[in-house]
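Undergrad: Handing over protein.txt, compact mmCIF, C-alpha atoms.
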```
# COMPACT_ATOMS: atom_id res chain seq x y z
CA MET A 233 7.44 4.46 76.04
CA LYS A 234 5.24 7.16 74.56
CA LYS A 235 6.96 10.54 74.28
CA THR A 236 5.61 13.57 76.11
CA LYS A 237 4.13 15.95 73.55
CA LEU A 238 4.76 19.68 74.04
CA TYR A 239 3.59 22.68 72.07
CA ILE A 240 5.11 26.06 72.97
CA LYS A 241 3.11 29.19 72.11
CA THR A 242 5.09 32.41 71.82
CA LEU A 243 3.16 34.51 69.27
CA GLY A 244 0.69 36.85 70.91
CA GLY A 245 1.50 35.51 74.36
CA PHE A 246 3.29 32.65 76.07
CA GLY A 247 1.77 29.25 76.76
CA ILE A 248 2.69 25.56 77.04
CA LEU A 249 0.50 22.64 76.06
CA CYS A 250 1.59 19.30 77.53
CA ASN A 251 -0.18 16.36 75.89
CA GLY A 252 -2.93 18.76 74.84
CA LYS A 253 -3.40 20.30 78.30
CA GLU A 254 -2.36 23.86 79.10
CA ILE A 255 0.03 24.20 82.03
CA THR A 256 1.28 27.18 84.04
CA LEU A 257 4.84 27.75 85.18
CA GLY A 258 5.73 28.97 88.66
CA ARG A 259 5.26 32.64 89.45
CA ASN A 260 8.45 33.49 91.32
CA ARG A 261 10.77 33.31 88.35
CA ALA A 262 8.25 33.01 85.54
CA SER A 263 9.98 35.61 83.39
CA LYS A 264 13.28 33.71 83.39
CA TYR A 265 11.51 30.37 82.84
CA ILE A 266 9.60 31.79 79.88
CA GLN A 267 12.81 33.16 78.38
CA LEU A 268 14.58 29.83 78.88
CA VAL A 269 11.84 27.79 77.19
CA ALA A 270 11.25 30.30 74.40
CA ARG A 271 14.92 30.78 73.57
CA VAL A 272 15.72 27.07 73.43
CA PHE A 273 12.59 25.81 71.69
CA THR A 274 12.31 28.58 69.10
CA ALA A 275 15.84 27.70 68.01
CA GLY A 276 14.41 24.44 66.66
CA ALA A 277 16.56 21.41 65.93
CA ASP A 278 19.73 23.52 65.71
CA GLY A 279 19.55 24.49 69.36
CA VAL A 280 21.24 27.51 70.93
CA MET A 281 24.82 27.94 72.08
CA LYS A 282 25.39 28.10 75.82
CA GLU A 283 27.02 31.54 75.67
CA ASP A 284 24.20 33.00 73.56
CA LEU A 285 21.54 31.63 75.90
CA GLN A 286 23.31 33.04 78.95
CA ASP A 287 23.85 36.44 77.35
CA ASP A 288 20.21 36.75 76.28
CA ILE A 289 18.57 35.63 79.51
CA TYR A 290 20.90 37.57 81.78
CA SER A 291 21.57 40.58 79.53
CA GLU A 292 19.61 42.86 81.91
CA ASP A 293 20.79 41.13 85.11
CA LEU A 294 24.01 42.87 86.14
CA ASN A 295 24.08 41.05 89.49
CA VAL A 296 24.86 37.68 87.91
CA LYS A 297 27.25 38.76 85.18
CA SER A 298 30.23 37.56 87.15
CA ASN A 299 28.97 33.98 87.40
CA LEU A 300 26.75 33.24 84.43
CA ASN A 301 27.57 29.52 84.41
CA ASN A 302 26.29 28.90 87.96
CA SER A 303 23.26 31.12 87.38
CA MET A 304 22.29 29.19 84.25
CA ASN A 305 22.76 25.78 85.90
CA ASN A 306 20.67 26.87 88.86
CA LEU A 307 17.92 28.24 86.59
CA ILE A 308 17.66 24.96 84.68
CA TYR A 309 17.69 22.92 87.88
CA GLN A 310 14.90 25.02 89.42
CA PHE A 311 12.97 25.01 86.17
CA ARG A 312 13.01 21.21 86.01
CA LYS A 313 11.28 21.05 89.41
CA VAL A 314 8.73 23.71 88.40
CA ALA A 315 7.99 21.94 85.11
CA GLU A 316 7.39 18.60 86.85
CA LYS A 317 5.13 20.25 89.41
CA ALA A 318 3.22 21.95 86.58
CA GLY A 319 2.44 18.58 85.00
CA ILE A 320 5.31 17.72 82.67
CA PRO A 321 6.43 14.13 83.43
CA GLY A 322 9.96 14.18 84.86
CA GLY A 323 10.27 17.90 84.17
CA ASN A 324 12.96 17.19 81.58
CA LEU A 325 12.51 19.62 78.71
CA ILE A 326 16.02 20.79 77.95
CA ALA A 327 19.18 18.83 77.21
CA PHE A 328 22.78 20.06 77.01
CA ALA A 329 25.42 18.52 74.75
CA ASP A 330 28.48 19.77 72.82
CA GLY A 331 28.02 23.30 74.12
CA MET A 332 24.43 23.51 72.84
CA TYR A 333 21.06 23.60 74.57
CA LYS A 334 18.27 21.77 72.74
CA ALA A 335 14.90 20.20 73.38
CA ASP A 336 15.28 16.93 75.29
CA PRO A 337 15.23 14.03 72.77
CA ASP A 338 12.71 12.17 74.93
CA ILE A 339 9.99 14.72 74.25
CA ASP A 340 8.10 15.53 71.07
CA ALA A 341 8.29 19.33 71.01
CA ASN A 342 7.11 22.01 68.61
CA THR A 343 6.62 25.79 68.72
CA ASP A 344 4.39 28.17 66.80
CA THR A 345 7.41 30.29 65.84
CA VAL A 346 9.24 27.34 64.27
CA GLU A 347 6.10 26.29 62.39
CA PHE A 348 5.50 29.86 61.22
CA LEU A 349 9.01 30.23 59.79
CA LYS A 350 8.90 26.74 58.26
CA TYR A 351 5.81 27.66 56.21
CA ILE A 352 7.34 31.00 55.26
CA ASN A 353 10.47 29.26 53.95
CA ASN A 354 8.35 26.70 52.09
CA ALA A 355 6.42 29.55 50.50
CA LYS A 356 9.59 31.25 49.32
CA LYS A 357 10.84 28.00 47.77
CA ALA A 358 7.54 27.08 46.08
CA SER A 359 7.47 27.54 42.30
CA LYS A 360 3.69 27.55 41.80
CA GLU A 361 1.70 30.57 42.93
CA ALA A 362 -1.07 28.40 44.40
CA ASP A 363 1.42 26.42 46.51
CA LYS A 364 3.16 29.60 47.58
CA ALA A 365 -0.16 31.13 48.65
CA ASN A 366 -1.12 27.95 50.51
CA TYR A 367 2.09 28.01 52.58
CA TYR A 368 1.77 31.72 53.27
CA ARG A 369 -1.82 31.19 54.41
CA LYS A 370 -0.73 28.47 56.86
CA ALA A 371 1.92 30.81 58.26
CA PHE A 372 -0.63 33.64 58.44
CA ASP A 373 -3.06 31.51 60.44
CA ILE A 374 -0.34 30.64 62.99
CA TYR A 375 0.73 34.22 63.70
CA LYS A 376 -1.37 35.57 66.59
CA GLY A 377 0.62 38.64 67.54
CA ASP A 378 4.03 39.87 68.69
CA PHE A 379 6.63 37.45 70.01
CA LEU A 380 6.32 37.27 73.82
CA PRO A 381 4.65 40.69 74.18
CA GLU A 382 4.66 40.36 77.98
CA LEU A 383 8.47 40.59 77.93
CA ASN A 384 8.94 42.96 75.03
CA GLU A 385 11.13 45.33 77.08
CA LEU A 386 13.99 42.77 76.84
CA TYR A 387 16.30 43.41 73.89
CA TRP A 388 16.56 39.90 72.46
CA ILE A 389 12.78 39.48 72.60
CA SER A 390 11.98 42.86 71.04
CA LYS A 391 14.53 42.19 68.29
CA LYS A 392 13.07 38.77 67.48
CA SER A 393 9.58 40.21 67.65
CA GLU A 394 10.52 42.90 65.14
CA ASP A 395 12.05 40.35 62.76
CA LEU A 396 8.98 38.11 62.94
CA ARG A 397 6.68 41.09 62.46
CA THR A 398 8.53 42.05 59.26
CA VAL A 399 8.07 38.53 57.91
CA TYR A 400 4.38 38.57 58.88
CA GLU A 401 3.83 41.86 57.05
CA GLU A 402 5.38 40.35 53.92
CA CYS A 403 3.02 37.41 54.35
CA VAL A 404 -0.02 39.71 54.61
CA ASP A 405 1.03 41.74 51.57
CA TYR A 406 1.55 38.63 49.45
CA LEU A 407 -1.76 37.03 50.40
CA ALA A 408 -3.70 40.27 49.91
CA ASP A 409 -2.25 40.76 46.42
CA TYR A 410 -2.81 37.10 45.55
CA TYR A 411 -6.46 37.15 46.61
CA MET A 412 -7.11 40.50 44.95
CA ASN A 413 -5.55 39.42 41.65
CA ASN A 414 -7.64 36.25 41.73
CA GLY A 415 -10.86 38.10 42.54
CA ASP A 416 -11.16 36.42 45.93
CA TYR A 417 -12.16 39.56 47.80
CA GLU A 418 -13.66 37.71 50.75
CA ASN A 419 -10.32 36.14 51.65
CA MET A 420 -8.63 39.47 50.96
CA ALA A 421 -10.96 41.08 53.52
CA HIS A 422 -10.32 38.24 55.97
CA VAL A 423 -6.54 38.69 55.76
CA PHE A 424 -6.68 42.44 56.34
CA HIS A 425 -9.28 42.07 59.10
CA ASN A 426 -7.18 39.60 61.08
CA ALA A 427 -4.05 41.71 60.56
CA ALA A 428 -5.92 44.79 61.85
CA GLU A 429 -7.13 42.85 64.88
CA ILE A 430 -3.51 42.04 65.73
CA ASP A 431 -2.28 45.58 65.12
CA PRO A 432 -4.94 48.26 64.55
CA ASP A 433 -2.29 50.98 64.16
CA CYS A 434 -0.87 49.79 60.82
CA GLU A 435 -3.75 50.90 58.56
CA TRP A 436 -4.60 47.32 57.61
CA GLN A 437 -8.23 48.50 57.85
CA VAL A 438 -7.73 50.36 54.55
CA GLY A 439 -7.13 47.04 52.80
CA GLU A 440 -10.25 45.53 54.33
CA ILE A 441 -12.32 48.54 53.26
CA ASN A 442 -10.94 48.25 49.72
CA ALA A 443 -11.89 44.57 49.68
CA TYR A 444 -15.51 45.39 50.56
CA ARG A 445 -15.46 48.16 47.97
CA LEU A 446 -14.40 45.62 45.35
CA MET A 447 -17.24 43.37 46.53
CA LYS A 448 -19.54 46.41 46.09
CA ASP A 449 -20.60 46.05 49.71
CA TYR A 450 -20.54 49.81 50.27
CA ARG A 451 -22.57 49.62 53.45
CA LYS A 452 -19.91 47.49 55.14
CA ALA A 453 -17.07 49.54 53.63
CA TYR A 454 -18.42 52.83 54.95
CA SER A 455 -19.13 51.36 58.37
CA LEU A 456 -15.53 50.14 58.61
CA TYR A 457 -14.24 53.50 57.42
CA GLU A 458 -16.16 55.29 60.16
CA ASP A 459 -14.78 52.90 62.77
CA MET A 460 -11.23 53.38 61.49
CA ILE A 461 -11.40 57.18 61.45
CA ARG A 462 -12.95 57.26 64.91
CA TYR A 463 -10.26 54.92 66.29
CA TYR A 464 -7.42 57.01 64.88
CA ALA A 465 -8.98 60.22 66.22
CA GLU A 466 -9.89 58.92 69.69
CA GLU A 467 -7.08 56.47 70.46
CA LEU A 468 -4.16 57.93 68.53
CA GLY A 469 -5.19 61.57 68.27
CA ILE A 470 -4.37 61.85 64.55
CA THR A 471 -6.31 62.92 61.49
CA PRO A 472 -6.83 60.69 58.42
CA THR A 473 -3.58 59.92 56.59
CA GLU A 474 -3.12 60.29 52.84
CA ASN A 475 -3.66 56.55 52.48
CA MET A 476 -6.98 56.78 54.35
CA GLN A 477 -8.10 59.80 52.35
CA ARG A 478 -7.28 58.00 49.11
CA CYS A 479 -9.25 55.00 50.34
CA TYR A 480 -12.23 57.25 51.10
CA GLN A 481 -12.05 58.90 47.67
CA ASP A 482 -11.90 55.51 45.94
CA LEU A 483 -14.92 54.44 47.96
CA GLN A 484 -16.82 57.62 47.05
CA ASP A 485 -15.94 57.23 43.37
CA ALA A 486 -17.08 53.61 43.32
CA ALA A 487 -20.28 54.22 45.27
CA PHE A 488 -21.33 57.20 43.17
CA SER A 489 -20.04 56.00 39.79
CA GLY A 490 -23.57 54.91 38.90
CA LYS A 491 -24.88 52.15 36.66
CA SER A 492 -27.80 51.89 34.31
CA GLY A 493 -30.93 49.85 33.89
CA GLU A 494 -31.26 46.49 35.60
CA GLU A 495 -27.63 46.59 36.81
CA ASP A 496 -28.38 49.72 38.82
CA GLU A 497 -31.48 48.13 40.29
CA ALA A 498 -29.59 44.99 41.31
CA ALA A 499 -26.91 47.02 43.05
CA GLY A 500 -29.41 49.27 44.76
CA GLU A 501 -29.16 47.61 48.14
CA ASN A 502 -25.43 48.24 48.37
CA SER A 503 -25.26 51.60 46.62
CA LEU A 504 -25.11 54.85 48.53
CA LYS A 505 -27.95 55.90 46.24
CA SER A 506 -30.15 53.64 48.32
CA GLY A 507 -29.90 56.32 51.02
CA LEU A 508 -27.20 54.78 53.23
CA ILE A 509 -25.07 57.88 53.66
CA ALA A 510 -27.05 60.79 52.35
CA ASP A 511 -30.07 61.56 50.25
CA GLU A 512 -30.23 65.25 49.63
CA GLU A 513 -33.48 64.83 47.74
CA GLU A 514 -35.37 63.62 50.84
CA GLU A 515 -37.85 66.44 51.31
CA GLY A 516 -35.27 69.00 52.32
CA GLY A 517 -34.02 67.12 55.40
CA PRO A 518 -30.57 67.49 57.01
CA TYR A 519 -27.44 66.15 55.36
CA GLU A 520 -26.23 62.84 56.76
CA CYS A 521 -22.53 62.26 56.32
CA LEU A 522 -19.49 60.50 57.71
CA PHE A 523 -17.18 61.91 60.38
CA PRO A 524 -14.46 63.08 57.92
CA GLU A 525 -17.05 65.08 55.99
CA MET A 526 -18.41 66.54 59.22
CA SER A 527 -14.91 67.59 60.25
CA ALA A 528 -14.26 69.30 56.91
CA SER A 529 -17.70 70.94 56.91
CA TYR A 530 -17.16 72.31 60.41
CA HIS A 531 -13.89 73.99 59.47
CA ILE A 532 -15.26 75.51 56.27
CA LEU A 533 -18.53 76.70 57.84
CA SER A 534 -16.91 78.16 60.97
CA ARG A 535 -14.59 80.28 58.86
CA ASN A 536 -17.37 81.54 56.58
CA MET A 537 -19.87 82.12 59.41
CA GLU A 538 -17.33 83.99 61.50
CA ARG A 539 -16.95 86.60 58.75
CA HIS A 540 -20.67 87.34 58.98
CA GLY A 541 -20.88 87.26 62.77
CA LEU A 542 -22.79 83.98 62.79
CA THR A 543 -22.16 80.87 64.85
CA VAL A 544 -21.68 77.14 64.26
CA PHE A 545 -22.55 74.70 67.04
CA LEU A 546 -21.81 71.02 67.47
CA LEU A 547 -24.44 69.13 69.41
CA LEU A 548 -23.40 65.74 70.81
CA LEU A 549 -26.51 63.58 71.31
CA THR A 550 -26.32 60.46 73.46
CA ILE A 551 -29.12 57.93 73.83
CA ALA A 552 -29.80 56.66 77.35
CA ASP A 553 -32.27 54.58 79.33
CA TYR A 554 -35.07 56.12 81.38
CA GLU A 555 -32.61 56.76 84.24
CA GLY A 556 -30.25 58.62 81.94
CA LYS A 557 -27.68 55.79 81.96
CA GLU A 558 -25.85 54.17 79.05
CA ILE A 559 -27.72 51.49 77.12
CA ARG A 560 -25.41 48.47 77.19
CA GLN A 561 -27.57 45.93 75.34
CA GLU A 562 -26.36 46.01 71.74
CA GLU A 563 -29.68 45.30 69.99
CA LYS A 564 -31.61 47.79 72.11
CA ALA A 565 -28.95 50.47 71.55
CA GLU A 566 -29.04 49.90 67.79
CA ARG A 567 -32.85 50.14 67.67
CA ARG A 568 -32.75 53.35 69.70
CA MET A 569 -30.05 54.80 67.44
CA GLU A 570 -32.22 54.04 64.39
CA ALA A 571 -35.11 55.85 66.07
CA LEU A 572 -32.84 58.82 66.83
CA ARG A 573 -31.69 58.91 63.21
CA ASP A 574 -35.34 59.10 62.11
CA ALA A 575 -36.00 61.82 64.69
CA ILE A 576 -33.07 63.87 63.39
CA ASN A 577 -34.22 63.51 59.80
CA ASP A 578 -37.75 64.59 60.75
CA THR A 579 -36.70 67.49 62.98
CA LEU A 580 -33.62 69.25 61.62
CA ARG A 581 -33.38 71.74 58.78
CA HIS A 582 -32.04 71.28 55.28
CA GLY A 583 -28.94 73.34 56.14
CA ASP A 584 -27.96 71.20 59.13
CA ALA A 585 -25.74 68.10 59.03
CA PHE A 586 -25.24 65.07 61.23
CA CYS A 587 -23.12 61.92 61.49
CA ARG A 588 -22.93 58.86 63.69
CA PHE A 589 -20.18 59.41 66.23
CA SER A 590 -20.16 56.24 68.33
CA ARG A 591 -22.27 53.23 69.26
CA THR A 592 -24.67 55.45 71.21
CA GLN A 593 -24.03 58.96 69.87
CA TYR A 594 -24.84 61.22 66.94
CA LEU A 595 -23.07 64.50 66.23
CA VAL A 596 -25.18 67.36 64.84
CA LEU A 597 -23.84 70.47 63.11
CA LEU A 598 -26.15 73.46 63.58
CA THR A 599 -25.54 76.73 61.73
CA GLY A 600 -26.69 80.25 62.51
CA THR A 601 -28.09 79.36 65.93
CA GLY A 602 -27.46 80.27 69.53
CA VAL A 603 -27.28 78.29 72.77
CA GLU A 604 -31.02 78.76 73.36
CA GLU A 605 -31.81 77.38 69.91
CA CYS A 606 -29.55 74.37 70.59
CA MET A 607 -31.55 73.66 73.75
CA LEU A 608 -34.77 73.97 71.75
CA VAL A 609 -33.44 71.56 69.12
CA HIS A 610 -32.65 69.07 71.86
CA ARG A 611 -36.17 69.33 73.31
CA ARG A 612 -37.75 68.82 69.90
CA LEU A 613 -35.52 65.81 69.24
CA GLN A 614 -36.29 64.41 72.71
CA ASP A 615 -40.04 64.72 72.08
CA LYS A 616 -39.76 63.15 68.63
CA LEU A 617 -37.64 60.29 69.97
CA LYS A 618 -40.25 59.54 72.63
CA ASP A 619 -42.90 59.43 69.91
CA LEU A 620 -40.83 56.95 67.91
CA ALA A 621 -39.24 54.84 70.67
CA GLY A 622 -41.61 55.19 73.60
CA PRO A 623 -41.96 57.50 76.62
CA ARG A 624 -38.99 55.93 78.48
CA ALA A 625 -36.55 56.96 75.74
CA THR A 626 -34.06 59.54 76.99
CA LEU A 627 -31.73 61.76 75.01
CA ASN A 628 -28.79 63.49 76.67
CA TYR A 629 -27.00 66.33 74.91
CA ARG A 630 -23.95 68.52 75.20
CA ILE A 631 -22.80 71.51 73.18
CA ILE A 632 -19.17 70.90 72.29
CA SER A 633 -16.31 72.48 70.37
CA TYR A 634 -14.29 70.81 67.66
CA ALA A 635 -11.43 70.42 70.15
CA ASP A 636 -13.82 68.49 72.45
CA MET A 637 -14.82 66.26 69.56
CA THR A 638 -11.27 65.24 68.68
CA ALA A 639 -9.43 65.40 72.02
CA GLU A 640 -11.75 64.20 74.75
CA GLY A 641 -12.35 60.52 75.46
CA GLU A 642 -15.95 60.73 76.58
CA HIS A 643 -17.38 58.96 73.58
CA GLU A 644 -16.99 55.19 73.02
```
Turn the structure described in the file into structure tokens.
TA:
Amino acid sequence: MKKTKLYIKTLGGFGILCNGKEITLGRNRASKYIQLVARVFTAGADGVMKEDLQDDIYSEDLNVKSNLNNSMNNLIYQFRKVAEKAGIPGGNLIAFADGMYKADPDIDANTDTVEFLKYINNAKKASKEADKANYYRKAFDIYKGDFLPELNELYWISKKSEDLRTVYEECVDYLADYYMNNGDYENMAHVFHNAAEIDPDCEWQVGEINAYRLMKDYRKAYSLYEDMIRYYAEELGITPTENMQRCYQDLQDAAFSGKSGEEDEAAGENSLKSGLIADEEEEGGPYECLFPEMSASYHILSRNMERHGLTVFLLLLTIADYEGKEIRQEEKAERRMEALRDAINDTLRHGDAFCRFSRTQYLVLLTGTGVEECMLVHRRLQDKLKDLAGPRATLNYRIISYADMTAEGEHE
């Protein structure tokens, strides 16, 4: 008789595949069923002791502490009926023998957590760097996120999640160093990108930016840097860390280091000298910069201007459709933003500065002006934008403070 094949997913979220088909457990006691399956099957061939299983599943359940044995037997009995109803033949997943709970011998079971740790252990035992990297890469590809994040408030789950996360971080660090030392910057970028997708709060983006810097793809590197700084400011409410600032300085140094002759010409498309970030020689136009530079410029200028009784204004410009609503279509929004960039370059003064602030917004720094002048600037930009993008192009604006720029969540 052919064995039932099960695959238990626990990393990044819970799931069960039975003979290749995803199944769903009952809702009433889903939390306990998930814990039962996860605790037994992530223990692998060794299984889990009865007392440990009871303590973990019922650690938060004070009502059943006095009769753990009956509670566990009832849970397994009910789970067997739920599993069969969900599509698992017979519903027999768990066997008990010699004081241990294990996967039933009549099923062919595997879990992502067991696979992940198997490849990690193989990597640690491997003597050749290429073999070690190959095992680490297989483990890396399996890890999709925290262990059972939907139940992370439970102690045993949060503890296991933390242990697995530590191993994953070691895996990322090893692979990143391996790819960097071997000049494989594309895979280095891939590793950091996937790690940042799983946890955007761990500064993995810095590694990805450094990978694109090493590839001399400065356009991509600066774009990622802007996204990272904006995320940390908007979502976490923090300024760039030392690590981020160092990353930015390395990027600046590389982009402006300069080359000569044909080498400079070949790199022109990627170089900042091609006009990606700023070209101060462009007929006295405004200075285009990144958000960190805008932030620093604002602080310096406001202090200096205040001494002379002058003002510094931040103008938040938002593109919109003819009804004044947000443009949701990506390609249309990008075309309109390009037109707005051209309008800003054509309209503003040499002493002004601007940066892209979000998918549909630019931030403009105006010096020595008043509210009326800000309104005039907006009208001139609106007229220029209509010339470039058509009469239905609309430009909303708002005069904001630096506190608005960093604290409010109006922008995307």
Undergrad: With all atoms listed in the file as the counted atoms, please give the residues lying no more than 10 Å from Met412 (chain A), apart from itself and same-chain residues fewer than 6 positions off, as a PyMOL selection string.
TA: chain A and resi 406+418-421+442-443+446
Undergrad: Find, counting all atoms listed in the file, the residue in A:Ala355, A:Val314, A:Met281, A:Val269 that gets nearest to Ile326 (chain A).
TA: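 With all atoms listed in the file as the atom set, the closest residue is A:Val269.
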Undergrad: Give me, please, the distance in Å between CA of Arg462 (chain A) and CA of Asp482 (chain A), quoted to one decimal.
TA: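 A separation of 19.1 Å between them.
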Undergrad: Interatomic distance between CA of Ile308 (chain A) and CA of Leu383 (chain A)?
TA: 19.3 Å
Undergrad: Quick one, how far is CA of Leu627 (chain A) from CA of Ala552 (chain A)?
TA: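 Computing it gives 5.9 Å between the two atoms.
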Undergrad: Compute the distance from (19.5, 33.5, 75.4) to each atom, counting only C-alpha atoms, keep the residues with any atom at most 12 Å away, and return them as a PyMOL selection string; use the coordinates of the file.
TA: chain A and resi 264-275+279-292+300+304+332-333+386-389+392
Undergrad: Go ahead and save the residues from that selection, with C-alpha atoms, as a PDB file, keeping the file's coordinate frame.
TA:
```pdb
ATOM      1  CA  LYS A 264      13.280  33.710  83.390  1.00  0.00           C
ATOM      2  CA  TYR A 265      11.510  30.370  82.840  1.00  0.00           C
ATOM      3  CA  ILE A 266       9.600  31.790  79.880  1.00  0.00           C
ATOM      4  CA  GLN A 267      12.810  33.160  78.380  1.00  0.00           C
ATOM      5  CA  LEU A 268      14.580  29.830  78.880  1.00  0.00           C
ATOM      6  CA  VAL A 269      11.840  27.790  77.190  1.00  0.00           C
ATOM      7  CA  ALA A 270      11.250  30.300  74.400  1.00  0.00           C
ATOM      8  CA  ARG A 271      14.920  30.780  73.570  1.00  0.00           C
ATOM      9  CA  VAL A 272      15.720  27.070  73.430  1.00  0.00           C
ATOM     10  CA  PHE A 273      12.590  25.810  71.690  1.00  0.00           C
ATOM     11  CA  THR A 274      12.310  28.580  69.100  1.00  0.00           C
ATOM     12  CA  ALA A 275      15.840  27.700  68.010  1.00  0.00           C
ATOM     13  CA  GLY A 279      19.550  24.490  69.360  1.00  0.00           C
ATOM     14  CA  VAL A 280      21.240  27.510  70.930  1.00  0.00           C
ATOM     15  CA  MET A 281      24.820  27.940  72.080  1.00  0.00           C
ATOM     16  CA  LYS A 282      25.390  28.100  75.820  1.00  0.00           C
ATOM     17  CA  GLU A 283      27.020  31.540  75.670  1.00  0.00           C
ATOM     18  CA  ASP A 284      24.200  33.000  73.560  1.00  0.00           C
ATOM     19  CA  LEU A 285      21.540  31.630  75.900  1.00  0.00           C
ATOM     20  CA  GLN A 286      23.310  33.040  78.950  1.00  0.00           C
ATOM     21  CA  ASP A 287      23.850  36.440  77.350  1.00  0.00           C
ATOM     22  CA  ASP A 288      20.210  36.750  76.280  1.00  0.00           C
ATOM     23  CA  ILE A 289      18.570  35.630  79.510  1.00  0.00           C
ATOM     24  CA  TYR A 290      20.900  37.570  81.780  1.00  0.00           C
ATOM     25  CA  SER A 291      21.570  40.580  79.530  1.00  0.00           C
ATOM     26  CA  GLU A 292      19.610  42.860  81.910  1.00  0.00           C
ATOM     27  CA  LEU A 300      26.750  33.240  84.430  1.00  0.00           C
ATOM     28  CA  MET A 304      22.290  29.190  84.250  1.00  0.00           C
ATOM     29  CA  MET A 332      24.430  23.510  72.840  1.00  0.00           C
ATOM     30  CA  TYR A 333      21.060  23.600  74.570  1.00  0.00           C
ATOM     31  CA  LEU A 386      13.990  42.770  76.840  1.00  0.00           C
ATOM     32  CA  TYR A 387      16.300  43.410  73.890  1.00  0.00           C
ATOM     33  CA  TRP A 388      16.560  39.900  72.460  1.00  0.00           C
ATOM     34  CA  ILE A 389      12.780  39.480  72.600  1.00  0.00           C
ATOM     35  CA  LYS A 392      13.070  38.770  67.480  1.00  0.00           C
TER      36      LYS A 392
END
```
Undergrad: Within 10 Å of Asn251 (chain A), counting all atoms listed in the file, which residues show up once you throw out same-chain ones fewer than 3 positions away? Write them as a list of chain:residue names, please.
TA: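 Everything that qualifies: A:Lys235, A:Thr236, A:Lys237, A:Leu238, A:Tyr239, A:Ile248, A:Glu254, A:Ile255, A:Gly319, A:Ile320, A:Asp340.
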Undergrad: Skip Leu522 (chain A) itself and residues of its chain fewer than 5 positions away, then list as a short mmCIF file (atom, residue, chain, number, x, y, z; two decimals) with C-alpha atoms, in the frame of the given file all residues within 10 Å of it, counting only C-alpha atoms.
TA:
```cif
data_model
loop_
_atom_site.label_atom_id
_atom_site.label_comp_id
_atom_site.auth_asym_id
_atom_site.auth_seq_id
_atom_site.Cartn_x
_atom_site.Cartn_y
_atom_site.Cartn_z
CA TYR A 454 -18.42 52.83 54.95
CA SER A 455 -19.13 51.36 58.37
CA TYR A 457 -14.24 53.50 57.42
CA GLU A 458 -16.16 55.29 60.16
CA ILE A 461 -11.40 57.18 61.45
CA ILE A 509 -25.07 57.88 53.66
CA ALA A 510 -27.05 60.79 52.35
CA SER A 527 -14.91 67.59 60.25
CA ALA A 585 -25.74 68.10 59.03
CA PHE A 586 -25.24 65.07 61.23
CA CYS A 587 -23.12 61.92 61.49
CA ARG A 588 -22.93 58.86 63.69
CA PHE A 589 -20.18 59.41 66.23
#
```
Undergrad: For Thr343 (chain A), which of A:Thr599, A:Thr242, A:Ser590, A:Asn628 is the closest residue, counting all atoms listed in the file?
TA: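 When distances to Thr343 (chain A) are compared using all atoms listed in the file, the smallest one comes from A:Thr242.
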Undergrad: Mind checking which residues fall within 12 Å of Arg611 (chain A), counting only C-alpha atoms, ignoring those fewer than 2 positions away in the same chain, and posting them as a PDB file with C-alpha atoms, keeping the file's coordinate frame?
TA:
```pdb
ATOM      1  CA  LEU A 549     -26.510  63.580  71.310  1.00  0.00           C
ATOM      2  CA  ALA A 575     -36.000  61.820  64.690  1.00  0.00           C
ATOM      3  CA  ILE A 576     -33.070  63.870  63.390  1.00  0.00           C
ATOM      4  CA  THR A 579     -36.700  67.490  62.980  1.00  0.00           C
ATOM      5  CA  LEU A 580     -33.620  69.250  61.620  1.00  0.00           C
ATOM      6  CA  GLU A 604     -31.020  78.760  73.360  1.00  0.00           C
ATOM      7  CA  GLU A 605     -31.810  77.380  69.910  1.00  0.00           C
ATOM      8  CA  CYS A 606     -29.550  74.370  70.590  1.00  0.00           C
ATOM      9  CA  MET A 607     -31.550  73.660  73.750  1.00  0.00           C
ATOM     10  CA  LEU A 608     -34.770  73.970  71.750  1.00  0.00           C
ATOM     11  CA  VAL A 609     -33.440  71.560  69.120  1.00  0.00           C
ATOM     12  CA  LEU A 613     -35.520  65.810  69.240  1.00  0.00           C
ATOM     13  CA  GLN A 614     -36.290  64.410  72.710  1.00  0.00           C
ATOM     14  CA  ASP A 615     -40.040  64.720  72.080  1.00  0.00           C
ATOM     15  CA  LYS A 616     -39.760  63.150  68.630  1.00  0.00           C
ATOM     16  CA  LEU A 617     -37.640  60.290  69.970  1.00  0.00           C
ATOM     17  CA  LYS A 618     -40.250  59.540  72.630  1.00  0.00           C
ATOM     18  CA  THR A 626     -34.060  59.540  76.990  1.00  0.00           C
ATOM     19  CA  LEU A 627     -31.730  61.760  75.010  1.00  0.00           C
ATOM     20  CA  ASN A 628     -28.790  63.490  76.670  1.00  0.00           C
ATOM     21  CA  TYR A 629     -27.000  66.330  74.910  1.00  0.00           C
TER      22      TYR A 629
END
```
Undergrad: Which one is closest to Asn413 (chain A): A:Glu570, A:Glu563, A:Glu361, A:Asp278? Count all atoms listed in the file.
TA: A:Glu361
